[in-house]
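Reviewing the structure listed below.
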Amino acid sequence: MTASNGTTSLNDRKATNSAPSADLGARALGDKQFALTAQGADYRFHVDADGELVHDYFGAPAPGLAPWESRGANGWGHKQVDERREFPDHGRGDFRLPAIHVRHGTGSTVSFFEYVGHHIIPGKPKLPGLPATFGTPEDVTTLVVHLEDKRSGIKADLSYSVFPKYNAITRSFTLTNGGTSTIEIQRAASFSIDFGSGDWDMVSLSGEWCREAKETRRKVQIGTQGFQSSTGHSSHYFNPFVALLPSTTTETHGPAYGLSLVYSGSFNVDVERHAFNLVRASIGLNPLHLSWPLAPGESFTTPEAVAVYSSEGLGGMSRNLHSLYRNHLSRSSWTQRERPVLLNSWEGMYFDFTAEMLYTRAKDAAELGVSLFVLDDGWFGDKHPRVHDNAGLGDWVVNPRRFPAGLDAFVKTVNELKVEGGRGPLKFGIWVEPEMVNPSSELYEAHPDWVLHSGTHKRTEMRQQLILDLSKREVQDYIIEAIGKILWSAHIEYVKWDCNRGMHELPSPTTPHAYMLGLYRVLESLTTSFPQILFEGCASGGGRFDPGILYYWPQSWTSDDTDPIERLHIQFGTSLVYPPSSMGCHVSAAPGEQVGRTTPLLFRAHVALMGGSFGFELETEKMSAEERAQVTEIVALAERVNPYVIHGDLYRLALPDESNWPAALYVKPDGSSAVLLAYQIYARIRIDTPLLRLQGLDHAAVYEIDGVHYTGAVLMHVGLKLDWKPEHLPAADHQSKVLFINRV
Ligand code: DGJ
């Protein structure tokens, strides 16, 4: 049942989340046909008479669906050129981009991966050395299809897993060289889907430092359109995600497909409309950073890509991704827990602090009701102290001049502070950037060969730093030991792990992927050694905000830009793919450091409430008594809102790109209550503000908002009138409201 405005009611959500039936999951249907069936989606393919895998369908359940009919050879291309192919290889007349492209020992790049068998596994095996979704046999089933290029002996095992509750299908594949000579993998797209013809749009997230996650929608034109990161990290520039939608699909209506790569390194997305108008979309490793040699007997597993389907527009697609990622990807002990309100030292102090200054700030934090005090950059380095950004990275020892009594003694003084409101001892957290080294460091003096470099090419420095080569085992071990030592040395309950530059001169095109495998080994080791620590990813803001990182860490710093107007765009954009629980969002001073805009403290706070990790970066000592009282109230509000952000379903009711009154609604999974965050960017005069139609509620239920009762039907079909009176003048720009909605 769909509400007349196209949104799904609570009852519908309950129905689609019911226990899996016998037809759900991965199945072989009769003669070499396969179905990956979810509660609201079906994915089908079959093996044709030649042994090729042919893609039949991906979309809403379509009982009675017949397999895709091949049109046969035509013109210049072989039959593959207008075929919907499930695992496109290269060199036999399909002139589109392949999912797999290998160079054989002979120098040839022609392959024919044909079907040799399959098996079905309840649950989902781990991917060796890579982050991936997980689940029990009740949550997920896996179909492995075995293919072989019989001329070379290369085997490809395609591994599909279906999570019926979330309309999600994941895929990765493993190549095994069963031949006698070394081959080179040139291209390996984890997922490649051949959609039909018709009008398609694609949606992606792109940006820059301080301007991440800009949602962009464009038509899929004839030819290839795509994007990539070749930075070695997922990057600010583009996010490893693409959505494909018929051009009529909106935020709330119509089919939406999301492809998301569980990976943190260089990636590639291609969307190609070819001569017959069919559209192929693929996502995977960046071929510029691959050329992976595979010796006889060796195997290579691609990162996992996730495909989700929703018939409820981009909003439904996002909720499927959010739920899948919260429940079956992010495995931190913190993922499902509410996060402590924090105060971070960075914007209020930068490198300019002493232990006494920090203690004063920590004391203030505790008095304001803040539960976690975070010491950002600048605490380490002895011979080359980190008192500015041109020295010390790599030397993970506390600066003895800044902390004469040592880190442990300092942390103890912090923990002795009692947080106002009976919130217990103040927690302590710390910043690290372990993948980097300043040439001005003891580490670089001892190991100049440990950095990424390419022969005699200049070692380009960015922010006066170089990157350690994490593809080397000894570098991985150094980081595990050095960071482990710091984390054991004091009562550290939170870590912000930064990464502030892209990879330039590489020893080899294979290095970025080998680096990522090394990084994942380091993260696996540290997160399993310190399961109680709340880790936050950061890469000059959101430069590595991706599903691979989310597997290890439950949250990432969304952007270095904390201006609330900019943040509305960045946070709404980020929420297209990532659960709001994973966004770190802070309140900084006004005028803001980044765009110099002055906005009310309450507005800044209400914008930051959108994220699961709420905090401040303020010079608390400079605040007036009135501001302090306001901050205390904001902390209490943040603690009330946080459970909705961590556990709730997000409905983007109005987008900042489209409306002066953006709004986000977080509905608790049992539907009993919700919180509405609503904003007025600019004051307007003599214009009726649109009624805000809510979503995700129970039509028949009655809800109370600020003492007034409404039926769910009224809230969802008619809408809520928000009173943006100009009586706030002269500060009617940048107004906001937080409203709690309770079923009576
Ligand atoms: C970049 C991060 O994004 C900032 O939040 C801060 O931690 C600095 N690095 C510290 O150098």
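Ligands are numbered from 1 in the order shown, residues from 1 within each chain, and chains are lettered A, B, ... in the order they appear in the structure tokens.
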- Item | Protein and nucleic residues near ligand 1, 7 Å, only C-alpha atoms and all ligand atoms, as an NGL selection string | :A and (346 or 376-377 or 389 or 431 or 498 or 500 or 538-541 or 559-560)
For region 655-660 of chain A, find every residue with an atom within 12 Å (counting only C-alpha atoms), except residues of its own chain fewer than 4 positions away, and show them as a PDB file with C-alpha atoms, in the first residue's frame.
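Output file result.pdb is given in full below:
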ATOM      1  CA  LYS A 214      27.346  17.760  -4.039  1.00  0.00           C
ATOM      2  CA  GLU A 215      24.490  15.757  -5.511  1.00  0.00           C
ATOM      3  CA  THR A 216      24.490  16.035  -9.312  1.00  0.00           C
ATOM      4  CA  ARG A 217      21.872  14.616 -11.645  1.00  0.00           C
ATOM      5  CA  THR A 250      11.947  11.796  -7.895  1.00  0.00           C
ATOM      6  CA  GLU A 251      13.027  11.801  -4.249  1.00  0.00           C
ATOM      7  CA  THR A 252       9.819   9.959  -3.306  1.00  0.00           C
ATOM      8  CA  LEU A 314      15.987   8.279  -4.236  1.00  0.00           C
ATOM      9  CA  GLY A 315      14.712   8.504  -0.664  1.00  0.00           C
ATOM     10  CA  PRO A 564      25.862  25.671   8.402  1.00  0.00           C
ATOM     11  CA  ILE A 565      24.578  26.677   4.972  1.00  0.00           C
ATOM     12  CA  GLU A 566      27.392  24.813   3.248  1.00  0.00           C
ATOM     13  CA  ARG A 567      26.874  21.946   5.653  1.00  0.00           C
ATOM     14  CA  LEU A 568      23.196  21.615   4.757  1.00  0.00           C
ATOM     15  CA  HIS A 569      24.234  20.834   1.178  1.00  0.00           C
ATOM     16  CA  ILE A 570      27.099  18.579   2.247  1.00  0.00           C
ATOM     17  CA  GLN A 571      25.076  16.647   4.828  1.00  0.00           C
ATOM     18  CA  PHE A 572      21.982  16.182   2.672  1.00  0.00           C
ATOM     19  CA  GLY A 573      24.321  15.049  -0.138  1.00  0.00           C
ATOM     20  CA  SER A 575      22.962  11.151   3.321  1.00  0.00           C
ATOM     21  CA  LEU A 576      22.148  10.060  -0.210  1.00  0.00           C
ATOM     22  CA  VAL A 607      22.249  21.815  11.366  1.00  0.00           C
ATOM     23  CA  TYR A 651      13.205  11.035   5.129  1.00  0.00           C
ATOM     24  CA  ALA A 664      14.847  16.114   7.469  1.00  0.00           C
ATOM     25  CA  LEU A 665      12.662  13.708   9.408  1.00  0.00           C
ATOM     26  CA  ALA A 678      13.562  22.082   9.659  1.00  0.00           C
ATOM     27  CA  TYR A 679      15.451  25.108   8.384  1.00  0.00           C
ATOM     28  CA  GLN A 680      14.766  28.480   6.821  1.00  0.00           C
ATOM     29  CA  ILE A 681      17.895  29.523   4.933  1.00  0.00           C
ATOM     30  CA  TYR A 682      16.830  33.100   4.123  1.00  0.00           C
ATOM     31  CA  ALA A 683      14.000  35.255   5.410  1.00  0.00           C
ATOM     32  CA  ARG A 684      11.391  35.822   2.707  1.00  0.00           C
ATOM     33  CA  ILE A 687       5.385  34.570   0.356  1.00  0.00           C
ATOM     34  CA  ASP A 688       3.512  31.571   1.655  1.00  0.00           C
ATOM     35  CA  THR A 689       5.959  28.946   2.863  1.00  0.00           C
ATOM     36  CA  PRO A 690       5.018  25.496   1.556  1.00  0.00           C
ATOM     37  CA  LEU A 692       5.799  20.417   4.863  1.00  0.00           C
ATOM     38  CA  TRP A 724       8.576  31.106   9.942  1.00  0.00           C
ATOM     39  CA  ASP A 733      17.812  34.519   7.980  1.00  0.00           C
ATOM     40  CA  HIS A 734      19.107  31.143   9.168  1.00  0.00           C
ATOM     41  CA  GLN A 735      16.218  30.045  11.360  1.00  0.00           C
ATOM     42  CA  SER A 736      15.551  26.483  12.420  1.00  0.00           C
TER      43      SER A 736
END
Please provide the set of residues having any atom within 8 Å of Ser613 (chain A), restricted to only C-alpha atoms, with same-chain residues fewer than 6 positions apart removed, written as a CSV table (one decimal) with all heavy atoms, in the first residue's frame.
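out-v1.csv was written with the following content:
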chain,number,residue,atom,x,y,z
A,339,ARG,N,26.0,8.4,20.5
A,339,ARG,CA,27.4,8.9,20.5
A,339,ARG,C,27.5,10.1,21.6
A,339,ARG,O,26.6,10.9,21.7
A,339,ARG,CB,27.9,9.4,19.2
A,339,ARG,CG,27.5,8.5,18.0
A,339,ARG,CD,28.4,7.2,17.9
A,339,ARG,NE,27.7,6.2,17.2
A,339,ARG,CZ,27.7,6.2,15.8
A,339,ARG,NH1,28.3,7.0,15.1
A,339,ARG,NH2,27.0,5.2,15.2
A,340,PRO,N,28.6,10.1,22.3
A,340,PRO,CA,28.8,11.2,23.3
A,340,PRO,C,29.0,12.6,22.6
A,340,PRO,O,29.6,12.7,21.5
A,340,PRO,CB,30.1,10.8,24.0
A,340,PRO,CG,30.8,9.9,23.0
A,340,PRO,CD,29.8,9.2,22.2
A,341,VAL,N,28.4,13.6,23.1
A,341,VAL,CA,28.6,15.0,22.6
A,341,VAL,C,30.0,15.3,22.9
A,341,VAL,O,30.5,15.1,24.0
A,341,VAL,CB,27.6,16.0,23.3
A,341,VAL,CG1,28.0,17.4,22.9
A,341,VAL,CG2,26.2,15.6,23.0
A,555,GLN,N,31.9,6.2,12.1
A,555,GLN,CA,31.6,7.6,11.7
A,555,GLN,C,32.8,8.2,11.1
A,555,GLN,O,33.9,7.7,11.3
A,555,GLN,CB,31.2,8.4,12.9
A,555,GLN,CG,32.2,8.5,14.0
A,555,GLN,CD,31.7,9.1,15.3
A,555,GLN,OE1,30.7,8.6,15.9
A,555,GLN,NE2,32.4,10.1,15.8
A,581,SER,N,23.8,8.4,10.9
A,581,SER,CA,24.5,8.0,12.1
A,581,SER,C,26.0,8.1,11.9
A,581,SER,O,26.8,8.2,12.8
A,581,SER,CB,24.1,6.6,12.5
A,581,SER,OG,24.4,5.7,11.5
A,582,SER,N,26.5,8.0,10.6
A,582,SER,CA,27.9,8.0,10.3
A,582,SER,C,28.5,9.3,10.1
A,582,SER,O,29.7,9.4,9.8
A,582,SER,CB,28.2,7.1,9.1
A,582,SER,OG,27.6,7.6,7.9
A,583,MET,N,27.7,10.4,10.2
A,583,MET,CA,28.3,11.7,9.9
A,583,MET,C,28.7,12.4,11.2
A,583,MET,O,27.9,12.6,12.1
A,583,MET,CB,27.2,12.6,9.2
A,583,MET,CG,26.7,12.1,7.9
A,583,MET,SD,25.8,13.3,6.9
A,583,MET,CE,24.3,13.5,7.9
A,584,GLY,N,29.9,12.9,11.2
A,584,GLY,CA,30.4,13.8,12.3
A,584,GLY,C,30.1,15.2,11.9
A,584,GLY,O,30.5,15.7,10.8
A,585,CYS,N,29.4,15.9,12.8
A,585,CYS,CA,29.0,17.3,12.5
A,585,CYS,C,29.2,18.2,13.8
A,585,CYS,O,28.7,17.8,14.8
A,585,CYS,CB,27.5,17.3,12.2
A,585,CYS,SG,27.1,16.2,10.8
- Message: Between CA of Thr302 (chain A) and CA of Ala188 (chain A), what distance in Å does the model show, to one decimal?
- Response: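 Rounded to one decimal, the two atoms are 7.0 Å apart.
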- Query: What does the distance between CA of Lys155 (chain A) and CA of Thr136 (chain A) come to in Å, to one decimal place?
  - Reply: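 Separating CA of Lys155 (chain A) from CA of Thr136 (chain A) is a distance of 27.6 Å.
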Which residues of region 215-332 of chain A sit at most 12 Å from region 513-519 of chain A, using only C-alpha atoms? Give each one's shortest atom pair and distance in Å (one decimal place), in chain and ascending residue order, as CSV.
residue,atom,partner,partner_atom,distance
A:Ser230,CA,A:His513,CA,11.1
A:Thr231,CA,A:His513,CA,11.5
A:Gly232,CA,A:His513,CA,8.0
A:His233,CA,A:Met516,CA,8.5
A:Ser234,CA,A:Met516,CA,10.6
A:Val262,CA,A:Met516,CA,11.8
A:Tyr263,CA,A:Met516,CA,8.4
A:Ser264,CA,A:Met516,CA,7.2
A:Gly265,CA,A:Met516,CA,6.3
A:Ser266,CA,A:His513,CA,7.8
A:Phe267,CA,A:His513,CA,9.8
A:Gly284,CA,A:His513,CA,11.6
A:Leu285,CA,A:His513,CA,8.3
A:Asn286,CA,A:His513,CA,9.4
A:Pro287,CA,A:His513,CA,10.7
A:Leu288,CA,A:His513,CA,10.8
A:His289,CA,A:His513,CA,7.2
A:Leu290,CA,A:His513,CA,7.1
A:Ser291,CA,A:His513,CA,10.3
A:Trp292,CA,A:His513,CA,9.1
A:Pro293,CA,A:Ala514,CA,11.9
A:Phe300,CA,A:His513,CA,11.3
A:Thr301,CA,A:Leu517,CA,11.1
A:Thr302,CA,A:His513,CA,10.1
A:Pro303,CA,A:His513,CA,10.0
- Pick out each residue of region 540-668 of chain A that DSSP on the backbone tags as alpha helix (DSSP H); I need them as a PyMOL selection string. chain A and resi 547-552+564-574+601-608+625-647
- Query: In Å, how far is it from CA of Arg187 (chain A) to CA of Leu294 (chain A)?
  - Reply: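 That distance, rounded to one decimal, is 13.0 Å.
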- Neighbour list for region 196-199 of chain A as number ranges by chain, cut-off 10 Å, only C-alpha atoms, skip fewer than 3 positions in-chain: A: 56-58, 83-84, 193, 219-221, 245-248, 273-274, 276-280
File dump, residues just selected, N, CA, C and O atoms, as a short mmCIF file (atom, residue, chain, number, x, y, z; two decimals), in the first residue's frame:
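That gives us selection.cif:
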data_model
loop_
_atom_site.label_atom_id
_atom_site.label_comp_id
_atom_site.auth_asym_id
_atom_site.auth_seq_id
_atom_site.Cartn_x
_atom_site.Cartn_y
_atom_site.Cartn_z
N ASP A 56 18.88 -10.70 -17.30
CA ASP A 56 17.47 -10.63 -17.69
C ASP A 56 16.78 -9.40 -17.12
O ASP A 56 16.03 -8.72 -17.82
N TYR A 57 17.05 -9.09 -15.85
CA TYR A 57 16.20 -8.07 -15.21
C TYR A 57 16.74 -7.72 -13.85
O TYR A 57 17.28 -8.57 -13.14
N PHE A 58 16.55 -6.45 -13.46
CA PHE A 58 16.74 -6.00 -12.08
C PHE A 58 15.66 -4.94 -11.84
O PHE A 58 15.57 -3.97 -12.59
N GLU A 83 23.40 -7.32 -26.43
CA GLU A 83 22.98 -8.27 -25.40
C GLU A 83 23.04 -7.57 -24.04
O GLU A 83 23.84 -6.65 -23.87
N ARG A 84 22.21 -8.01 -23.13
CA ARG A 84 22.37 -7.55 -21.75
C ARG A 84 23.27 -8.58 -21.08
O ARG A 84 22.83 -9.67 -20.74
N ILE A 193 26.08 -3.68 -14.67
CA ILE A 193 24.68 -4.03 -14.93
C ILE A 193 24.26 -3.42 -16.26
O ILE A 193 24.48 -2.23 -16.49
N LYS A 219 21.53 13.60 -17.46
CA LYS A 219 20.99 12.62 -18.40
C LYS A 219 22.08 11.65 -18.82
O LYS A 219 23.22 12.07 -19.01
N VAL A 220 21.74 10.41 -19.01
CA VAL A 220 22.70 9.47 -19.59
C VAL A 220 22.63 9.64 -21.10
O VAL A 220 21.61 9.33 -21.73
N GLN A 221 23.69 10.18 -21.66
CA GLN A 221 23.74 10.46 -23.09
C GLN A 221 24.39 9.30 -23.82
O GLN A 221 24.99 8.42 -23.20
N LEU A 245 18.43 6.16 -12.64
CA LEU A 245 16.99 6.31 -12.47
C LEU A 245 16.34 6.66 -13.79
O LEU A 245 16.90 7.45 -14.56
N PRO A 246 15.13 6.14 -14.04
CA PRO A 246 14.37 6.67 -15.16
C PRO A 246 14.19 8.16 -14.92
O PRO A 246 14.11 8.61 -13.77
N SER A 247 14.10 8.94 -15.99
CA SER A 247 14.12 10.39 -15.80
C SER A 247 12.90 10.91 -15.05
O SER A 247 12.90 12.04 -14.58
N THR A 248 11.86 10.08 -14.89
CA THR A 248 10.68 10.53 -14.16
C THR A 248 10.80 10.31 -12.65
O THR A 248 9.97 10.78 -11.88
N ARG A 273 26.06 4.54 -22.72
CA ARG A 273 24.91 4.26 -23.60
C ARG A 273 25.50 4.00 -24.98
O ARG A 273 26.22 4.84 -25.54
N HIS A 274 25.22 2.82 -25.53
CA HIS A 274 25.85 2.43 -26.79
C HIS A 274 24.81 2.46 -27.91
O HIS A 274 23.65 2.80 -27.68
N PHE A 276 22.81 0.64 -29.56
CA PHE A 276 21.45 0.13 -29.48
C PHE A 276 20.64 0.81 -28.39
O PHE A 276 19.53 0.42 -28.09
N ASN A 277 21.26 1.81 -27.75
CA ASN A 277 20.61 2.59 -26.71
C ASN A 277 20.60 1.93 -25.34
O ASN A 277 20.07 2.48 -24.39
N LEU A 278 21.10 0.69 -25.27
CA LEU A 278 21.17 0.04 -23.97
C LEU A 278 22.16 0.80 -23.10
O LEU A 278 23.13 1.37 -23.59
N VAL A 279 21.91 0.76 -21.79
CA VAL A 279 22.77 1.49 -20.86
C VAL A 279 23.47 0.50 -19.95
O VAL A 279 22.82 -0.33 -19.31
N ARG A 280 24.78 0.60 -19.91
CA ARG A 280 25.58 -0.25 -19.02
C ARG A 280 26.21 0.63 -17.94
O ARG A 280 26.81 1.66 -18.26
#
- Task: Give me the residues within 7 Å of Phe545 (chain A) as a ChimeraX atom specification, counting only C-alpha atoms and dropping any in the same chain fewer than 3 places off.
- Result: /A:542,549,556
- Message: What parts of region 356-504 of chain A does DSSP call strand (DSSP E or B)? I'd like the answer as a list in words.
- Response: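 The residues of region 356-504 of chain A classed as strand (DSSP E or B) are Leu372, Phe373, Val374, Leu375, Phe380, Val398, Lys418, Val419, Gly424, Pro425, Lys427, Phe428, Gly429, Ile430, Trp431, Val432, Met436, Val437, Val451, Met462, Gln465, Leu466, Ile467, Leu468, Tyr494, Val495, Lys496 and Trp497 of chain A.
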Can you spit out the residues from that selection as a tab-separated table (two decimals), in the first residue's frame, using N, CA and C atoms?
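Saved as selection.tsv:
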chain	number	residue	atom	x	y	z
A	372	LEU	N	32.80	14.23	25.97
A	372	LEU	CA	34.06	13.74	25.40
A	372	LEU	C	34.91	14.93	24.98
A	373	PHE	N	36.15	14.96	25.46
A	373	PHE	CA	37.07	16.02	25.07
A	373	PHE	C	38.10	15.44	24.10
A	374	VAL	N	38.22	16.05	22.91
A	374	VAL	CA	39.11	15.50	21.88
A	374	VAL	C	40.29	16.43	21.64
A	375	LEU	N	41.47	15.89	21.83
A	375	LEU	CA	42.71	16.62	21.55
A	375	LEU	C	43.07	16.33	20.10
A	380	PHE	N	52.21	15.54	19.58
A	380	PHE	CA	53.26	14.50	19.48
A	380	PHE	C	54.55	15.06	18.90
A	398	VAL	N	54.44	11.25	22.67
A	398	VAL	CA	53.90	12.52	23.15
A	398	VAL	C	55.02	13.56	23.26
A	418	LYS	N	34.15	15.78	36.34
A	418	LYS	CA	32.79	15.19	36.28
A	418	LYS	C	31.92	16.04	35.36
A	419	VAL	N	31.31	15.39	34.41
A	419	VAL	CA	30.48	16.12	33.44
A	419	VAL	C	29.16	16.52	34.10
A	424	GLY	N	28.76	11.57	34.35
A	424	GLY	CA	29.94	10.72	34.60
A	424	GLY	C	31.24	11.43	34.28
A	425	PRO	N	32.35	10.68	34.32
A	425	PRO	CA	33.67	11.29	34.07
A	425	PRO	C	33.81	11.74	32.62
A	427	LYS	N	35.27	11.93	29.15
A	427	LYS	CA	36.06	10.99	28.34
A	427	LYS	C	37.12	11.76	27.56
A	428	PHE	N	38.16	11.03	27.14
A	428	PHE	CA	39.25	11.68	26.40
A	428	PHE	C	39.45	10.98	25.06
A	429	GLY	N	39.68	11.79	24.02
A	429	GLY	CA	39.96	11.23	22.69
A	429	GLY	C	41.13	11.95	22.05
A	430	ILE	N	41.70	11.35	21.02
A	430	ILE	CA	42.93	11.88	20.45
A	430	ILE	C	42.92	11.78	18.92
A	431	TRP	N	43.71	12.65	18.28
A	431	TRP	CA	43.85	12.70	16.82
A	431	TRP	C	45.15	12.00	16.40
A	432	VAL	N	45.10	11.28	15.29
A	432	VAL	CA	46.32	10.69	14.72
A	432	VAL	C	46.24	10.77	13.18
A	436	MET	N	50.93	8.95	7.35
A	436	MET	CA	51.75	10.04	6.79
A	436	MET	C	53.05	10.22	7.56
A	437	VAL	N	53.95	10.95	6.90
A	437	VAL	CA	55.22	11.28	7.55
A	437	VAL	C	55.67	12.66	7.05
A	451	VAL	N	58.52	5.70	2.15
A	451	VAL	CA	57.44	6.52	1.59
A	451	VAL	C	57.14	6.12	0.15
A	462	MET	N	52.82	17.52	-0.03
A	462	MET	CA	51.58	18.27	0.14
A	462	MET	C	51.44	18.49	1.64
A	465	GLN	N	54.04	16.98	3.73
A	465	GLN	CA	54.07	15.58	4.14
A	465	GLN	C	54.11	14.62	2.97
A	466	LEU	N	54.63	13.42	3.25
A	466	LEU	CA	54.69	12.33	2.28
A	466	LEU	C	53.84	11.18	2.82
A	467	ILE	N	53.58	10.20	1.97
A	467	ILE	CA	52.72	9.08	2.39
A	467	ILE	C	53.58	7.84	2.62
A	468	LEU	N	53.35	7.19	3.74
A	468	LEU	CA	54.04	5.93	3.99
A	468	LEU	C	53.47	4.87	3.03
A	494	TYR	N	38.38	7.50	22.27
A	494	TYR	CA	37.96	7.94	20.93
A	494	TYR	C	39.23	8.26	20.15
A	495	VAL	N	39.22	7.92	18.86
A	495	VAL	CA	40.37	8.24	17.99
A	495	VAL	C	39.84	8.86	16.70
A	496	LYS	N	40.42	10.02	16.34
A	496	LYS	CA	40.12	10.61	15.02
A	496	LYS	C	41.32	10.32	14.14
A	497	TRP	N	41.10	9.53	13.09
A	497	TRP	CA	42.19	9.05	12.21
A	497	TRP	C	42.14	9.86	10.92
- Task: Find the spatial neighbours of region 94-111 of chain A, counting only C-alpha atoms, within a cut-off of 9 Å - ignore same-chain residues fewer than 2 positions away - and output them as a PyMOL selection string.
- Result: chain A and resi 77-83+86-92+113+149-152+180-192+224+270+272-274+280+282-284+291
Using C-alpha atoms, can you write the selected residues to a file as a PDB file, in the first residue's frame?
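This went into selection14.pdb:
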ATOM      1  CA  GLY A  77      29.273  -6.421 -33.608  1.00  0.00           C
ATOM      2  CA  HIS A  78      28.767  -9.976 -32.512  1.00  0.00           C
ATOM      3  CA  LYS A  79      25.548 -10.826 -30.704  1.00  0.00           C
ATOM      4  CA  GLN A  80      27.025  -9.454 -27.485  1.00  0.00           C
ATOM      5  CA  VAL A  81      26.884  -5.884 -28.724  1.00  0.00           C
ATOM      6  CA  ASP A  82      23.149  -5.628 -28.101  1.00  0.00           C
ATOM      7  CA  GLU A  83      22.985  -8.271 -25.400  1.00  0.00           C
ATOM      8  CA  GLU A  86      26.011 -10.272 -16.857  1.00  0.00           C
ATOM      9  CA  PHE A  87      29.799 -10.412 -16.838  1.00  0.00           C
ATOM     10  CA  PRO A  88      31.045  -8.636 -19.966  1.00  0.00           C
ATOM     11  CA  ASP A  89      34.487  -9.759 -21.024  1.00  0.00           C
ATOM     12  CA  HIS A  90      36.463  -8.258 -23.868  1.00  0.00           C
ATOM     13  CA  GLY A  91      37.412  -8.991 -27.433  1.00  0.00           C
ATOM     14  CA  ARG A  92      34.564 -10.946 -29.020  1.00  0.00           C
ATOM     15  CA  PHE A 113      34.273 -16.574 -19.542  1.00  0.00           C
ATOM     16  CA  ASP A 149      38.051 -18.929 -19.927  1.00  0.00           C
ATOM     17  CA  LYS A 150      38.852 -22.382 -21.250  1.00  0.00           C
ATOM     18  CA  ARG A 151      41.635 -21.288 -23.593  1.00  0.00           C
ATOM     19  CA  SER A 152      43.747 -19.745 -20.827  1.00  0.00           C
ATOM     20  CA  THR A 180      50.754 -21.639 -17.014  1.00  0.00           C
ATOM     21  CA  SER A 181      51.879 -18.036 -17.446  1.00  0.00           C
ATOM     22  CA  THR A 182      51.442 -14.822 -15.489  1.00  0.00           C
ATOM     23  CA  ILE A 183      48.523 -12.684 -16.604  1.00  0.00           C
ATOM     24  CA  GLU A 184      47.788  -9.024 -15.899  1.00  0.00           C
ATOM     25  CA  ILE A 185      44.378  -7.793 -14.744  1.00  0.00           C
ATOM     26  CA  GLN A 186      43.703  -4.539 -16.585  1.00  0.00           C
ATOM     27  CA  ARG A 187      40.143  -3.887 -15.524  1.00  0.00           C
ATOM     28  CA  ALA A 188      37.931  -5.468 -12.871  1.00  0.00           C
ATOM     29  CA  ALA A 189      34.541  -3.842 -12.311  1.00  0.00           C
ATOM     30  CA  SER A 190      32.982  -5.473  -9.273  1.00  0.00           C
ATOM     31  CA  PHE A 191      29.476  -4.863 -10.569  1.00  0.00           C
ATOM     32  CA  SER A 192      28.375  -4.235 -14.122  1.00  0.00           C
ATOM     33  CA  THR A 224      30.534   6.959 -21.990  1.00  0.00           C
ATOM     34  CA  ASP A 270      31.326   4.224 -16.075  1.00  0.00           C
ATOM     35  CA  GLU A 272      27.768   3.892 -21.157  1.00  0.00           C
ATOM     36  CA  ARG A 273      24.911   4.260 -23.601  1.00  0.00           C
ATOM     37  CA  HIS A 274      25.847   2.427 -26.792  1.00  0.00           C
ATOM     38  CA  ARG A 280      25.580  -0.254 -19.019  1.00  0.00           C
ATOM     39  CA  SER A 282      29.813  -0.389 -13.860  1.00  0.00           C
ATOM     40  CA  ILE A 283      31.689   0.318 -10.649  1.00  0.00           C
ATOM     41  CA  GLY A 284      35.011  -1.057  -9.486  1.00  0.00           C
ATOM     42  CA  SER A 291      47.629  -3.692 -13.966  1.00  0.00           C
TER      43      SER A 291
END
Please, which residues in region 41-128 of chain A fall within 7 Å of region 24-37 of chain A when counting only C-alpha atoms, and what is the closest atom pair and distance in Å to one decimal for each, ordered by chain then residue number, as JSON lines?
{"residue": "A:Ala41", "atom": "CA", "partner": "A:Thr37", "partner_atom": "CA", "distance": 6.1}
{"residue": "A:Asp42", "atom": "CA", "partner": "A:Thr37", "partner_atom": "CA", "distance": 4.6}
{"residue": "A:Tyr43", "atom": "CA", "partner": "A:Leu36", "partner_atom": "CA", "distance": 5.0}
{"residue": "A:Arg44", "atom": "CA", "partner": "A:Ala35", "partner_atom": "CA", "distance": 4.7}
{"residue": "A:Phe45", "atom": "CA", "partner": "A:Phe34", "partner_atom": "CA", "distance": 5.4}
{"residue": "A:His46", "atom": "CA", "partner": "A:Gln33", "partner_atom": "CA", "distance": 4.2}
{"residue": "A:Val47", "atom": "CA", "partner": "A:Lys32", "partner_atom": "CA", "distance": 5.5}
Output for the residues just chosen: N, CA and C atoms as a compact mmCIF listing (two decimals), in the first residue's frame:
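Dumped to out-v1.txt:
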# COMPACT_ATOMS: atom_id res chain seq x y z
N ALA A 41 12.36 -6.53 -4.67
CA ALA A 41 13.22 -6.46 -5.86
C ALA A 41 13.56 -7.86 -6.34
N ASP A 42 13.80 -7.95 -7.61
CA ASP A 42 14.22 -9.22 -8.20
C ASP A 42 15.39 -8.94 -9.14
N TYR A 43 16.33 -9.87 -9.16
CA TYR A 43 17.50 -9.75 -10.03
C TYR A 43 17.63 -11.09 -10.73
N ARG A 44 17.61 -11.08 -12.06
CA ARG A 44 17.59 -12.35 -12.80
C ARG A 44 18.65 -12.39 -13.88
N PHE A 45 19.24 -13.57 -14.07
CA PHE A 45 20.08 -13.79 -15.25
C PHE A 45 20.07 -15.28 -15.60
N HIS A 46 20.53 -15.58 -16.80
CA HIS A 46 20.53 -16.99 -17.22
C HIS A 46 21.77 -17.29 -18.05
N VAL A 47 21.96 -18.56 -18.34
CA VAL A 47 23.08 -18.99 -19.17
C VAL A 47 22.50 -19.32 -20.55
